[in-house]
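Contents: one structure, followed by commentary.
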Amino acid sequence: MNTRALPSQHTDLLFVYLAYALRYLYLLILTPFYGRVLGVEGYAQVLAAMSLMNMVWLFVSWGFVAAGGREIATAPRSGYGGIFWQHVSARALLSTLALGGGIVATLASPILASHPVIGVCAVLLGIVSAYNLGWYFTASERPRHTVKLEVLGFVLSLIPILSLVRAPGDAWVVLACLLVSGVLALALAHWWVRHEISPARFSPAAGLALVRSSSTLFVYTCSSTLLVASSTYLLSLLSSGSEVGSFGAAERLVSVGLSVMGPASQIFVPRITALFLHDEGAAFRMVRKAALLLGGIGLAGLVASLLLGHWVVRLIFGAGFEASVPVLHLLAIVFPLAAINQIIGAYVLVPQHREGLLTRVTLIGAGLSLLCAIPAGLAWGALGMAAARVGGELAVAAMLLLTSWRMGILQRLLDPESEKTP
């Protein structure tokens, strides 16, 4: 049995990287298409809507992905149904709140209020995305199902968008196509697991209990992510559509670059976590290797953005997005800062069960960024919002470096000699 496990793991890993590659290809096709067909104003509507969608998605998910994955991974197959329906119940409770809040958020944004259909589609898309079963398939050792569903979603949305979107006023078509593809992929996912999750056991009480128990995970995993996801929407409340388009385009490029760090965590973090239980020296040696990789990615992202930003923006988005270039240059500082934060946080503190410390630091950084974002966005638009984002990341990095130095963690990372075996 063990002789077959290793090839299967290698194949699963290949599928995961294939999904990342297809995700980049999907963005490389659609991003230039949006910029050229919808223009700055039309693309601003899509970006504001997607920002609202991400906020709804994160709220309805509420840390359930980490909690559910942990439960499924340790439960017998006969217990999958009870876990599944508890998660459905919890999401249903939060979906009601998210729907009302999303409609209010749509009306509060001048960009979305003028096209309410876009906002409503964004809210519904966020709710549908929160019911995604990727956590279920991954925890039950079926990651290929997740990849297949993601590819299906790409195809179901890409073809209609390229066929139906023809003018700046078609931004609502983009959201409608994404919503339909999300519903169809979600329906297929539930069809695959129909025998595992029957009979239905919807329980509001169990759902409420899960919401309460997952609150800490929500604060840890979503505080900074929620602020990043909401930046474009927040700017839509404070500034013009052209400023939203300029910031959103630059932020999208930075987000794609930062996502390159994602696959490394899937490889390093589980191994580092296991090593910290038995051999701290080996764990720190592996963290050091991961730091070299992520640090290299961070520096490469910074240099590439500064040297090639003007060319990349013009190539991908076309005419009308020249104002995105200085925003991209400023946001590029996030690359090395994000590498520092991820190494100390996800690779050292979380494996050592110090997520409480990380949560406090992240909340402080997110709060500082939000406090700066409102006046900066009002005064300087896209550049102000970018400066607030950089300021938040810088604050988190500074606090993590200082804390890790006081705890002796930074010294061990910077001194390879201390981890050499005799």
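Naming works like this for the structure tokens: A, B, ... for the chains as they're shown, residue 1 at the start of each chain, ligands 1 onward in shown order.
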
Shell around Ile340 in chain A at 7 Å using only C-alpha atoms, local window under 4 positions removed, as a tab-separated table (two decimals) with C-alpha atoms, in the first residue's frame:
chain	number	residue	atom	x	y	z
A	336	PRO	CA	9.40	41.70	0.36
A	344	ILE	CA	7.77	34.47	10.56
A	397	ALA	CA	6.63	43.20	9.50

Based on DSSP run over this structure's backbone, return all residues of range 330-406 of chain A in alpha helix (DSSP H), as a PDB file with N, CA and C atoms, in the first residue's frame.
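Written out: part01.pdb:
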ATOM      1  N   LEU A 330       4.462  51.759  -6.043  1.00  0.00           N
ATOM      2  CA  LEU A 330       4.338  51.889  -4.588  1.00  0.00           C
ATOM      3  C   LEU A 330       3.928  50.568  -3.950  1.00  0.00           C
ATOM      4  N   LEU A 331       2.959  49.890  -4.553  1.00  0.00           N
ATOM      5  CA  LEU A 331       2.503  48.611  -4.003  1.00  0.00           C
ATOM      6  C   LEU A 331       3.573  47.534  -4.067  1.00  0.00           C
ATOM      7  N   VAL A 334       5.202  45.856  -1.122  1.00  0.00           N
ATOM      8  CA  VAL A 334       4.514  44.800  -0.389  1.00  0.00           C
ATOM      9  C   VAL A 334       5.197  43.450  -0.594  1.00  0.00           C
ATOM     10  N   PHE A 335       5.837  43.225  -1.735  1.00  0.00           N
ATOM     11  CA  PHE A 335       6.418  41.913  -2.032  1.00  0.00           C
ATOM     12  C   PHE A 335       7.409  41.445  -0.965  1.00  0.00           C
ATOM     13  N   PRO A 336       8.475  42.187  -0.679  1.00  0.00           N
ATOM     14  CA  PRO A 336       9.402  41.705   0.361  1.00  0.00           C
ATOM     15  C   PRO A 336       8.785  41.710   1.752  1.00  0.00           C
ATOM     16  N   LEU A 337       7.889  42.661   2.032  1.00  0.00           N
ATOM     17  CA  LEU A 337       7.242  42.693   3.338  1.00  0.00           C
ATOM     18  C   LEU A 337       6.361  41.458   3.545  1.00  0.00           C
ATOM     19  N   ALA A 338       5.635  41.067   2.505  1.00  0.00           N
ATOM     20  CA  ALA A 338       4.781  39.882   2.599  1.00  0.00           C
ATOM     21  C   ALA A 338       5.613  38.625   2.806  1.00  0.00           C
ATOM     22  N   ALA A 339       6.794  38.566   2.187  1.00  0.00           N
ATOM     23  CA  ALA A 339       7.679  37.416   2.381  1.00  0.00           C
ATOM     24  C   ALA A 339       8.114  37.314   3.841  1.00  0.00           C
ATOM     25  N   ILE A 340       8.493  38.448   4.439  1.00  0.00           N
ATOM     26  CA  ILE A 340       8.895  38.464   5.852  1.00  0.00           C
ATOM     27  C   ILE A 340       7.739  38.014   6.745  1.00  0.00           C
ATOM     28  N   ASN A 341       6.558  38.573   6.506  1.00  0.00           N
ATOM     29  CA  ASN A 341       5.399  38.252   7.336  1.00  0.00           C
ATOM     30  C   ASN A 341       5.013  36.783   7.226  1.00  0.00           C
ATOM     31  N   GLN A 342       5.096  36.235   6.021  1.00  0.00           N
ATOM     32  CA  GLN A 342       4.708  34.841   5.835  1.00  0.00           C
ATOM     33  C   GLN A 342       5.716  33.894   6.476  1.00  0.00           C
ATOM     34  N   ILE A 343       7.001  34.201   6.354  1.00  0.00           N
ATOM     35  CA  ILE A 343       8.014  33.332   6.941  1.00  0.00           C
ATOM     36  C   ILE A 343       7.878  33.281   8.461  1.00  0.00           C
ATOM     37  N   ILE A 344       7.836  34.447   9.102  1.00  0.00           N
ATOM     38  CA  ILE A 344       7.768  34.472  10.560  1.00  0.00           C
ATOM     39  C   ILE A 344       6.414  33.971  11.067  1.00  0.00           C
ATOM     40  N   GLU A 355      -0.350  31.235  17.346  1.00  0.00           N
ATOM     41  CA  GLU A 355      -1.214  32.017  16.470  1.00  0.00           C
ATOM     42  C   GLU A 355      -1.900  33.167  17.200  1.00  0.00           C
ATOM     43  N   GLY A 356      -2.022  33.055  18.532  1.00  0.00           N
ATOM     44  CA  GLY A 356      -2.604  34.153  19.293  1.00  0.00           C
ATOM     45  C   GLY A 356      -1.778  35.417  19.156  1.00  0.00           C
ATOM     46  N   LEU A 357      -0.467  35.278  19.256  1.00  0.00           N
ATOM     47  CA  LEU A 357       0.438  36.412  19.070  1.00  0.00           C
ATOM     48  C   LEU A 357       0.321  36.963  17.658  1.00  0.00           C
ATOM     49  N   LEU A 358       0.298  36.060  16.674  1.00  0.00           N
ATOM     50  CA  LEU A 358       0.187  36.474  15.282  1.00  0.00           C
ATOM     51  C   LEU A 358      -1.131  37.194  15.024  1.00  0.00           C
ATOM     52  N   THR A 359      -2.202  36.724  15.660  1.00  0.00           N
ATOM     53  CA  THR A 359      -3.509  37.362  15.496  1.00  0.00           C
ATOM     54  C   THR A 359      -3.490  38.797  16.007  1.00  0.00           C
ATOM     55  N   ARG A 360      -2.894  39.009  17.175  1.00  0.00           N
ATOM     56  CA  ARG A 360      -2.835  40.358  17.741  1.00  0.00           C
ATOM     57  C   ARG A 360      -2.036  41.302  16.838  1.00  0.00           C
ATOM     58  N   VAL A 361      -0.905  40.819  16.342  1.00  0.00           N
ATOM     59  CA  VAL A 361      -0.072  41.644  15.465  1.00  0.00           C
ATOM     60  C   VAL A 361      -0.818  41.975  14.176  1.00  0.00           C
ATOM     61  N   THR A 362      -1.475  40.979  13.608  1.00  0.00           N
ATOM     62  CA  THR A 362      -2.207  41.184  12.354  1.00  0.00           C
ATOM     63  C   THR A 362      -3.352  42.167  12.535  1.00  0.00           C
ATOM     64  N   LEU A 363      -4.059  42.067  13.661  1.00  0.00           N
ATOM     65  CA  LEU A 363      -5.162  42.987  13.926  1.00  0.00           C
ATOM     66  C   LEU A 363      -4.668  44.421  14.075  1.00  0.00           C
ATOM     67  N   ILE A 364      -3.543  44.595  14.749  1.00  0.00           N
ATOM     68  CA  ILE A 364      -2.989  45.940  14.902  1.00  0.00           C
ATOM     69  C   ILE A 364      -2.610  46.509  13.540  1.00  0.00           C
ATOM     70  N   GLY A 365      -1.944  45.688  12.713  1.00  0.00           N
ATOM     71  CA  GLY A 365      -1.560  46.153  11.378  1.00  0.00           C
ATOM     72  C   GLY A 365      -2.760  46.482  10.514  1.00  0.00           C
ATOM     73  N   ALA A 366      -3.788  45.626  10.569  1.00  0.00           N
ATOM     74  CA  ALA A 366      -4.995  45.884   9.788  1.00  0.00           C
ATOM     75  C   ALA A 366      -5.705  47.145  10.262  1.00  0.00           C
ATOM     76  N   GLY A 367      -5.746  47.347  11.586  1.00  0.00           N
ATOM     77  CA  GLY A 367      -6.372  48.552  12.110  1.00  0.00           C
ATOM     78  C   GLY A 367      -5.650  49.815  11.706  1.00  0.00           C
ATOM     79  N   LEU A 368      -4.314  49.794  11.775  1.00  0.00           N
ATOM     80  CA  LEU A 368      -3.534  50.956  11.346  1.00  0.00           C
ATOM     81  C   LEU A 368      -3.747  51.246   9.866  1.00  0.00           C
ATOM     82  N   SER A 369      -3.774  50.179   9.064  1.00  0.00           N
ATOM     83  CA  SER A 369      -3.975  50.358   7.626  1.00  0.00           C
ATOM     84  C   SER A 369      -5.343  50.965   7.338  1.00  0.00           C
ATOM     85  N   LEU A 370      -6.369  50.496   8.049  1.00  0.00           N
ATOM     86  CA  LEU A 370      -7.710  51.022   7.839  1.00  0.00           C
ATOM     87  C   LEU A 370      -7.812  52.484   8.257  1.00  0.00           C
ATOM     88  N   LEU A 371      -7.192  52.826   9.389  1.00  0.00           N
ATOM     89  CA  LEU A 371      -7.216  54.209   9.850  1.00  0.00           C
ATOM     90  C   LEU A 371      -6.532  55.144   8.853  1.00  0.00           C
ATOM     91  N   CYS A 372      -5.473  54.649   8.220  1.00  0.00           N
ATOM     92  CA  CYS A 372      -4.765  55.465   7.225  1.00  0.00           C
ATOM     93  C   CYS A 372      -5.492  55.490   5.888  1.00  0.00           C
ATOM     94  N   ALA A 373      -6.205  54.401   5.581  1.00  0.00           N
ATOM     95  CA  ALA A 373      -6.807  54.257   4.257  1.00  0.00           C
ATOM     96  C   ALA A 373      -7.874  55.314   3.993  1.00  0.00           C
ATOM     97  N   ILE A 374      -8.698  55.617   4.983  1.00  0.00           N
ATOM     98  CA  ILE A 374      -9.814  56.538   4.748  1.00  0.00           C
ATOM     99  C   ILE A 374      -9.325  57.956   4.441  1.00  0.00           C
ATOM    100  N   PRO A 375      -8.503  58.569   5.300  1.00  0.00           N
ATOM    101  CA  PRO A 375      -8.032  59.926   4.951  1.00  0.00           C
ATOM    102  C   PRO A 375      -7.113  59.938   3.733  1.00  0.00           C
ATOM    103  N   ALA A 376      -6.273  58.901   3.586  1.00  0.00           N
ATOM    104  CA  ALA A 376      -5.365  58.856   2.442  1.00  0.00           C
ATOM    105  C   ALA A 376      -6.133  58.656   1.139  1.00  0.00           C
ATOM    106  N   GLY A 377      -7.168  57.803   1.183  1.00  0.00           N
ATOM    107  CA  GLY A 377      -7.975  57.591  -0.014  1.00  0.00           C
ATOM    108  C   GLY A 377      -8.734  58.839  -0.422  1.00  0.00           C
ATOM    109  N   LEU A 378      -9.234  59.563   0.574  1.00  0.00           N
ATOM    110  CA  LEU A 378      -9.935  60.811   0.278  1.00  0.00           C
ATOM    111  C   LEU A 378      -8.993  61.858  -0.314  1.00  0.00           C
ATOM    112  N   ALA A 379      -7.791  61.932   0.212  1.00  0.00           N
ATOM    113  CA  ALA A 379      -6.859  62.978  -0.216  1.00  0.00           C
ATOM    114  C   ALA A 379      -6.127  62.640  -1.503  1.00  0.00           C
ATOM    115  N   TRP A 380      -5.687  61.384  -1.649  1.00  0.00           N
ATOM    116  CA  TRP A 380      -4.823  61.043  -2.792  1.00  0.00           C
ATOM    117  C   TRP A 380      -5.344  59.884  -3.629  1.00  0.00           C
ATOM    118  N   GLY A 381      -6.548  59.421  -3.396  1.00  0.00           N
ATOM    119  CA  GLY A 381      -7.146  58.398  -4.242  1.00  0.00           C
ATOM    120  C   GLY A 381      -6.380  57.094  -4.230  1.00  0.00           C
ATOM    121  N   ALA A 382      -6.054  56.609  -5.428  1.00  0.00           N
ATOM    122  CA  ALA A 382      -5.404  55.314  -5.579  1.00  0.00           C
ATOM    123  C   ALA A 382      -4.044  55.267  -4.886  1.00  0.00           C
ATOM    124  N   LEU A 383      -3.252  56.316  -5.023  1.00  0.00           N
ATOM    125  CA  LEU A 383      -1.942  56.357  -4.372  1.00  0.00           C
ATOM    126  C   LEU A 383      -2.081  56.351  -2.847  1.00  0.00           C
ATOM    127  N   GLY A 384      -3.089  57.018  -2.331  1.00  0.00           N
ATOM    128  CA  GLY A 384      -3.310  57.022  -0.897  1.00  0.00           C
ATOM    129  C   GLY A 384      -3.681  55.639  -0.378  1.00  0.00           C
ATOM    130  N   MET A 385      -4.550  54.946  -1.112  1.00  0.00           N
ATOM    131  CA  MET A 385      -4.935  53.601  -0.696  1.00  0.00           C
ATOM    132  C   MET A 385      -3.740  52.656  -0.758  1.00  0.00           C
ATOM    133  N   ALA A 386      -2.901  52.802  -1.786  1.00  0.00           N
ATOM    134  CA  ALA A 386      -1.697  51.980  -1.895  1.00  0.00           C
ATOM    135  C   ALA A 386      -0.748  52.244  -0.735  1.00  0.00           C
ATOM    136  N   ALA A 387      -0.590  53.525  -0.353  1.00  0.00           N
ATOM    137  CA  ALA A 387       0.285  53.868   0.764  1.00  0.00           C
ATOM    138  C   ALA A 387      -0.238  53.259   2.062  1.00  0.00           C
ATOM    139  N   ALA A 388      -1.554  53.245   2.247  1.00  0.00           N
ATOM    140  CA  ALA A 388      -2.137  52.643   3.449  1.00  0.00           C
ATOM    141  C   ALA A 388      -1.881  51.144   3.480  1.00  0.00           C
ATOM    142  N   ARG A 389      -2.007  50.501   2.339  1.00  0.00           N
ATOM    143  CA  ARG A 389      -1.741  49.057   2.258  1.00  0.00           C
ATOM    144  C   ARG A 389      -0.289  48.764   2.617  1.00  0.00           C
ATOM    145  N   VAL A 390       0.634  49.535   2.058  1.00  0.00           N
ATOM    146  CA  VAL A 390       2.056  49.340   2.356  1.00  0.00           C
ATOM    147  C   VAL A 390       2.334  49.612   3.834  1.00  0.00           C
ATOM    148  N   GLY A 391       1.704  50.661   4.370  1.00  0.00           N
ATOM    149  CA  GLY A 391       1.897  50.989   5.775  1.00  0.00           C
ATOM    150  C   GLY A 391       1.456  49.869   6.698  1.00  0.00           C
ATOM    151  N   GLY A 392       0.335  49.222   6.382  1.00  0.00           N
ATOM    152  CA  GLY A 392      -0.139  48.107   7.196  1.00  0.00           C
ATOM    153  C   GLY A 392       0.812  46.931   7.162  1.00  0.00           C
ATOM    154  N   GLU A 393       1.288  46.579   5.968  1.00  0.00           N
ATOM    155  CA  GLU A 393       2.249  45.477   5.836  1.00  0.00           C
ATOM    156  C   GLU A 393       3.555  45.797   6.558  1.00  0.00           C
ATOM    157  N   LEU A 394       3.989  47.052   6.459  1.00  0.00           N
ATOM    158  CA  LEU A 394       5.232  47.473   7.116  1.00  0.00           C
ATOM    159  C   LEU A 394       5.095  47.385   8.635  1.00  0.00           C
ATOM    160  N   ALA A 395       3.948  47.787   9.154  1.00  0.00           N
ATOM    161  CA  ALA A 395       3.724  47.722  10.598  1.00  0.00           C
ATOM    162  C   ALA A 395       3.753  46.279  11.093  1.00  0.00           C
ATOM    163  N   VAL A 396       3.095  45.384  10.350  1.00  0.00           N
ATOM    164  CA  VAL A 396       3.091  43.969  10.739  1.00  0.00           C
ATOM    165  C   VAL A 396       4.503  43.394  10.697  1.00  0.00           C
ATOM    166  N   ALA A 397       5.255  43.705   9.627  1.00  0.00           N
ATOM    167  CA  ALA A 397       6.625  43.199   9.502  1.00  0.00           C
ATOM    168  C   ALA A 397       7.500  43.704  10.647  1.00  0.00           C
ATOM    169  N   ALA A 398       7.374  44.981  10.975  1.00  0.00           N
ATOM    170  CA  ALA A 398       8.185  45.546  12.054  1.00  0.00           C
ATOM    171  C   ALA A 398       7.862  44.884  13.388  1.00  0.00           C
ATOM    172  N   MET A 399       6.578  44.687  13.678  1.00  0.00           N
ATOM    173  CA  MET A 399       6.195  44.064  14.946  1.00  0.00           C
ATOM    174  C   MET A 399       6.628  42.601  15.010  1.00  0.00           C
ATOM    175  N   LEU A 400       6.522  41.885  13.897  1.00  0.00           N
ATOM    176  CA  LEU A 400       6.943  40.483  13.884  1.00  0.00           C
ATOM    177  C   LEU A 400       8.454  40.358  14.040  1.00  0.00           C
ATOM    178  N   LEU A 401       9.202  41.231  13.372  1.00  0.00           N
ATOM    179  CA  LEU A 401      10.663  41.195  13.509  1.00  0.00           C
ATOM    180  C   LEU A 401      11.081  41.504  14.943  1.00  0.00           C
ATOM    181  N   LEU A 402      10.474  42.524  15.533  1.00  0.00           N
ATOM    182  CA  LEU A 402      10.814  42.885  16.906  1.00  0.00           C
ATOM    183  C   LEU A 402      10.450  41.767  17.878  1.00  0.00           C
ATOM    184  N   THR A 403       9.260  41.205  17.712  1.00  0.00           N
ATOM    185  CA  THR A 403       8.818  40.138  18.604  1.00  0.00           C
ATOM    186  C   THR A 403       9.689  38.897  18.455  1.00  0.00           C
ATOM    187  N   SER A 404       9.983  38.519  17.216  1.00  0.00           N
ATOM    188  CA  SER A 404      10.808  37.330  16.990  1.00  0.00           C
ATOM    189  C   SER A 404      12.229  37.530  17.503  1.00  0.00           C
ATOM    190  N   TRP A 405      12.723  38.777  17.467  1.00  0.00           N
ATOM    191  CA  TRP A 405      14.048  39.054  18.018  1.00  0.00           C
ATOM    192  C   TRP A 405      14.033  38.857  19.537  1.00  0.00           C
ATOM    193  N   ARG A 406      13.003  39.370  20.204  1.00  0.00           N
ATOM    194  CA  ARG A 406      12.898  39.228  21.656  1.00  0.00           C
ATOM    195  C   ARG A 406      12.735  37.771  22.074  1.00  0.00           C
TER     196      ARG A 406
END

Residues at most 12 Å from Ala209 in chain A, counting only C-alpha atoms, excluding those fewer than 2 positions away in the same chain, as a ChimeraX atom specification?
/A:64,86-87,89-91,93,203-207,211-215

Residues from the last selection, all heavy atoms, saved as a compact mmCIF listing (two decimals), in the first residue's frame:
# COMPACT_ATOMS: atom_id res chain seq x y z
N PHE A 64 -14.16 28.57 8.56
CA PHE A 64 -14.66 27.20 8.51
C PHE A 64 -13.75 26.29 7.69
O PHE A 64 -13.75 25.07 7.89
CB PHE A 64 -16.07 27.17 7.90
CG PHE A 64 -17.09 27.94 8.68
CD1 PHE A 64 -18.12 28.61 8.03
CD2 PHE A 64 -17.03 28.01 10.06
CE1 PHE A 64 -19.07 29.32 8.74
CE2 PHE A 64 -17.97 28.73 10.79
CZ PHE A 64 -19.00 29.38 10.12
N GLN A 86 -23.17 20.41 9.48
CA GLN A 86 -22.89 21.46 10.46
C GLN A 86 -22.30 22.68 9.76
O GLN A 86 -22.66 23.82 10.07
CB GLN A 86 -21.92 20.95 11.53
CG GLN A 86 -21.67 22.00 12.62
CD GLN A 86 -20.67 21.54 13.67
OE1 GLN A 86 -19.81 20.70 13.39
NE2 GLN A 86 -20.78 22.09 14.87
N HIS A 87 -21.42 22.44 8.79
CA HIS A 87 -20.82 23.55 8.06
C HIS A 87 -21.84 24.24 7.15
O HIS A 87 -21.81 25.47 7.00
CB HIS A 87 -19.62 23.05 7.25
CG HIS A 87 -18.38 22.92 8.07
ND1 HIS A 87 -17.33 23.81 7.98
CD2 HIS A 87 -18.03 22.03 9.02
CE1 HIS A 87 -16.38 23.46 8.83
NE2 HIS A 87 -16.78 22.38 9.48
N SER A 89 -25.02 24.44 7.78
CA SER A 89 -25.90 25.19 8.69
C SER A 89 -25.24 26.50 9.11
O SER A 89 -25.89 27.55 9.16
CB SER A 89 -26.22 24.35 9.92
OG SER A 89 -26.84 23.12 9.56
N ALA A 90 -23.94 26.45 9.42
CA ALA A 90 -23.24 27.66 9.84
C ALA A 90 -23.17 28.67 8.71
O ALA A 90 -23.39 29.88 8.92
CB ALA A 90 -21.83 27.29 10.31
N ARG A 91 -22.87 28.20 7.52
CA ARG A 91 -22.81 29.11 6.37
C ARG A 91 -24.17 29.71 6.06
O ARG A 91 -24.27 30.86 5.63
CB ARG A 91 -22.25 28.37 5.16
CG ARG A 91 -20.74 28.15 5.21
CD ARG A 91 -20.30 27.20 4.09
NE ARG A 91 -18.85 27.15 3.93
CZ ARG A 91 -18.03 26.41 4.67
NH1 ARG A 91 -18.54 25.64 5.64
NH2 ARG A 91 -16.73 26.42 4.45
N LEU A 93 -26.53 30.44 8.20
CA LEU A 93 -26.79 31.51 9.16
C LEU A 93 -26.08 32.80 8.76
O LEU A 93 -26.66 33.89 8.79
CB LEU A 93 -26.34 31.08 10.55
CG LEU A 93 -27.10 29.91 11.19
CD1 LEU A 93 -26.47 29.53 12.52
CD2 LEU A 93 -28.57 30.26 11.38
N SER A 203 -29.06 21.88 10.92
CA SER A 203 -29.23 22.19 12.33
C SER A 203 -28.71 23.59 12.64
O SER A 203 -27.49 23.79 12.72
CB SER A 203 -28.50 21.16 13.20
OG SER A 203 -28.52 21.54 14.56
N PRO A 204 -29.59 24.57 12.83
CA PRO A 204 -29.13 25.92 13.18
C PRO A 204 -28.33 25.94 14.47
O PRO A 204 -27.37 26.71 14.60
CB PRO A 204 -30.45 26.70 13.32
CG PRO A 204 -31.43 25.95 12.48
CD PRO A 204 -31.05 24.50 12.62
N ALA A 205 -28.69 25.11 15.45
CA ALA A 205 -27.96 25.10 16.71
C ALA A 205 -26.53 24.63 16.51
O ALA A 205 -25.58 25.22 17.05
CB ALA A 205 -28.68 24.19 17.72
N ALA A 206 -26.35 23.57 15.72
CA ALA A 206 -25.00 23.08 15.43
C ALA A 206 -24.22 24.11 14.63
O ALA A 206 -23.01 24.29 14.83
CB ALA A 206 -25.07 21.76 14.67
N GLY A 207 -24.89 24.79 13.72
CA GLY A 207 -24.23 25.82 12.93
C GLY A 207 -23.76 26.98 13.79
O GLY A 207 -22.64 27.48 13.62
N VAL A 211 -19.96 28.47 14.43
CA VAL A 211 -19.60 29.87 14.27
C VAL A 211 -18.83 30.35 15.50
O VAL A 211 -17.79 31.03 15.38
CB VAL A 211 -20.86 30.74 14.06
CG1 VAL A 211 -20.50 32.22 14.12
CG2 VAL A 211 -21.51 30.41 12.72
N ARG A 212 -19.30 29.99 16.68
CA ARG A 212 -18.64 30.42 17.91
C ARG A 212 -17.24 29.81 18.02
O ARG A 212 -16.26 30.50 18.36
CB ARG A 212 -19.48 30.01 19.12
CG ARG A 212 -20.77 30.80 19.25
CD ARG A 212 -21.66 30.21 20.33
NE ARG A 212 -22.87 31.00 20.54
CZ ARG A 212 -23.92 30.59 21.26
NH1 ARG A 212 -23.88 29.40 21.85
NH2 ARG A 212 -24.97 31.36 21.40
N SER A 213 -17.12 28.51 17.74
CA SER A 213 -15.83 27.84 17.91
C SER A 213 -14.81 28.25 16.87
O SER A 213 -13.61 28.10 17.08
CB SER A 213 -16.02 26.32 17.88
OG SER A 213 -16.50 25.90 16.60
N SER A 214 -15.27 28.76 15.72
CA SER A 214 -14.36 29.14 14.64
C SER A 214 -14.03 30.63 14.65
O SER A 214 -13.32 31.09 13.75
CB SER A 214 -14.99 28.78 13.28
OG SER A 214 -15.23 27.40 13.18
N SER A 215 -14.51 31.36 15.63
CA SER A 215 -14.30 32.81 15.64
C SER A 215 -12.83 33.18 15.71
O SER A 215 -12.37 34.11 15.04
CB SER A 215 -15.06 33.44 16.81
OG SER A 215 -16.45 33.27 16.64

Closest pair table for range 166-269 of chain A residues within 9 Å of range 100-117 of chain A, only C-alpha atoms, as CSV:
residue,atom,partner,partner_atom,distance
A:Trp172,CA,A:Val117,CA,6.6
A:Leu175,CA,A:Val117,CA,8.9
A:Ala176,CA,A:Val117,CA,8.9
A:Tyr233,CA,A:Ser109,CA,7.6
A:Leu234,CA,A:Ser109,CA,8.3
A:Ser236,CA,A:Ser109,CA,6.0
A:Leu237,CA,A:Ser109,CA,5.1
A:Leu238,CA,A:Ser109,CA,8.7
A:Ser240,CA,A:Ile111,CA,8.2
A:Gly241,CA,A:Ile111,CA,6.8

Ala44 in chain A environment, 6 Å, only C-alpha atoms, sequence neighbours closer than 2 positions dropped, as number ranges by chain:
A: 40-42, 46-47, 241, 244-245

Can you list, as a ChimeraX atom specification, every protein, DNA or RNA residue that comes within 6 Å of range 126-143 of chain A when you count only C-alpha atoms, leaving out same-chain residues fewer than 5 positions away?
/A:53,56-57,60-61,65,69,72-73

Counting only C-alpha atoms, what is within 12 Å of Ala187 in chain A, bar same-chain residues fewer than 2 positions away, as a compact mmCIF listing (two decimals) with N, CA and C atoms, in the first residue's frame?
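Final file, around35.txt:
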# COMPACT_ATOMS: atom_id res chain seq x y z
N VAL A 128 -22.13 31.99 -2.85
CA VAL A 128 -21.93 30.72 -3.54
C VAL A 128 -20.49 30.23 -3.37
N SER A 129 -19.53 31.13 -3.47
CA SER A 129 -18.12 30.76 -3.34
C SER A 129 -17.81 30.23 -1.95
N TYR A 131 -19.59 28.35 -0.18
CA TYR A 131 -20.04 26.96 -0.07
C TYR A 131 -19.14 26.00 -0.87
N ASN A 132 -18.06 26.52 -1.45
CA ASN A 132 -17.12 25.70 -2.21
C ASN A 132 -16.64 24.51 -1.37
N LEU A 133 -16.55 23.33 -1.98
CA LEU A 133 -16.18 22.12 -1.25
C LEU A 133 -14.71 21.77 -1.38
N LEU A 149 -12.98 20.78 -10.53
CA LEU A 149 -14.05 21.77 -10.38
C LEU A 149 -13.56 23.17 -10.75
N LEU A 152 -13.38 23.36 -14.48
CA LEU A 152 -14.74 23.46 -15.01
C LEU A 152 -15.27 24.88 -14.85
N GLY A 153 -15.01 25.48 -13.69
CA GLY A 153 -15.45 26.86 -13.48
C GLY A 153 -14.80 27.82 -14.45
N VAL A 180 -23.25 32.20 -12.63
CA VAL A 180 -23.81 30.98 -13.22
C VAL A 180 -22.79 29.84 -13.19
N SER A 181 -21.55 30.13 -13.56
CA SER A 181 -20.52 29.09 -13.55
C SER A 181 -20.26 28.59 -12.14
N GLY A 182 -20.29 29.48 -11.15
CA GLY A 182 -20.10 29.07 -9.77
C GLY A 182 -21.20 28.16 -9.27
N VAL A 183 -22.43 28.47 -9.64
CA VAL A 183 -23.57 27.64 -9.22
C VAL A 183 -23.48 26.26 -9.85
N LEU A 184 -23.15 26.19 -11.14
CA LEU A 184 -23.05 24.90 -11.82
C LEU A 184 -21.94 24.04 -11.24
N ALA A 185 -20.77 24.63 -10.98
CA ALA A 185 -19.66 23.87 -10.40
C ALA A 185 -20.02 23.39 -8.99
N ALA A 189 -20.24 19.50 -7.51
CA ALA A 189 -19.51 19.08 -6.32
C ALA A 189 -20.44 18.36 -5.33
N HIS A 190 -21.62 18.90 -5.14
CA HIS A 190 -22.56 18.27 -4.21
C HIS A 190 -23.12 16.96 -4.79
N TRP A 191 -23.21 16.87 -6.10
CA TRP A 191 -23.65 15.62 -6.72
C TRP A 191 -22.63 14.52 -6.46
N TRP A 192 -21.35 14.86 -6.52
CA TRP A 192 -20.29 13.87 -6.28
C TRP A 192 -20.35 13.30 -4.87
N VAL A 193 -20.73 14.10 -3.90
CA VAL A 193 -20.69 13.65 -2.50
C VAL A 193 -22.08 13.35 -1.94
N ARG A 194 -23.07 13.21 -2.81
CA ARG A 194 -24.46 13.07 -2.36
C ARG A 194 -24.64 11.85 -1.45

So that I can see what lies close to Leu158 in chain A, please list as a compact mmCIF listing (two decimals) with N, CA and C atoms, in the first residue's frame the residues with an atom at most 8 Å from it, counting only C-alpha atoms and leaving out residues fewer than 3 positions away in the same chain.
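Result file follows (part.txt):
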# COMPACT_ATOMS: atom_id res chain seq x y z
N TYR A 26 -5.84 31.87 -16.94
CA TYR A 26 -7.19 32.43 -16.92
C TYR A 26 -7.14 33.94 -16.72
N LEU A 30 -8.23 37.02 -19.29
CA LEU A 30 -9.35 37.91 -18.97
C LEU A 30 -8.93 39.32 -18.59
N PHE A 154 -13.51 27.62 -14.74
CA PHE A 154 -12.82 28.46 -15.70
C PHE A 154 -13.51 28.39 -17.07
N VAL A 155 -13.77 27.17 -17.52
CA VAL A 155 -14.36 26.98 -18.85
C VAL A 155 -15.76 27.57 -18.92
N ILE A 161 -18.02 34.83 -21.15
CA ILE A 161 -17.51 36.20 -20.99
C ILE A 161 -16.90 36.68 -22.30
N LEU A 162 -16.05 35.86 -22.90
CA LEU A 162 -15.42 36.27 -24.15
C LEU A 162 -16.44 36.42 -25.28
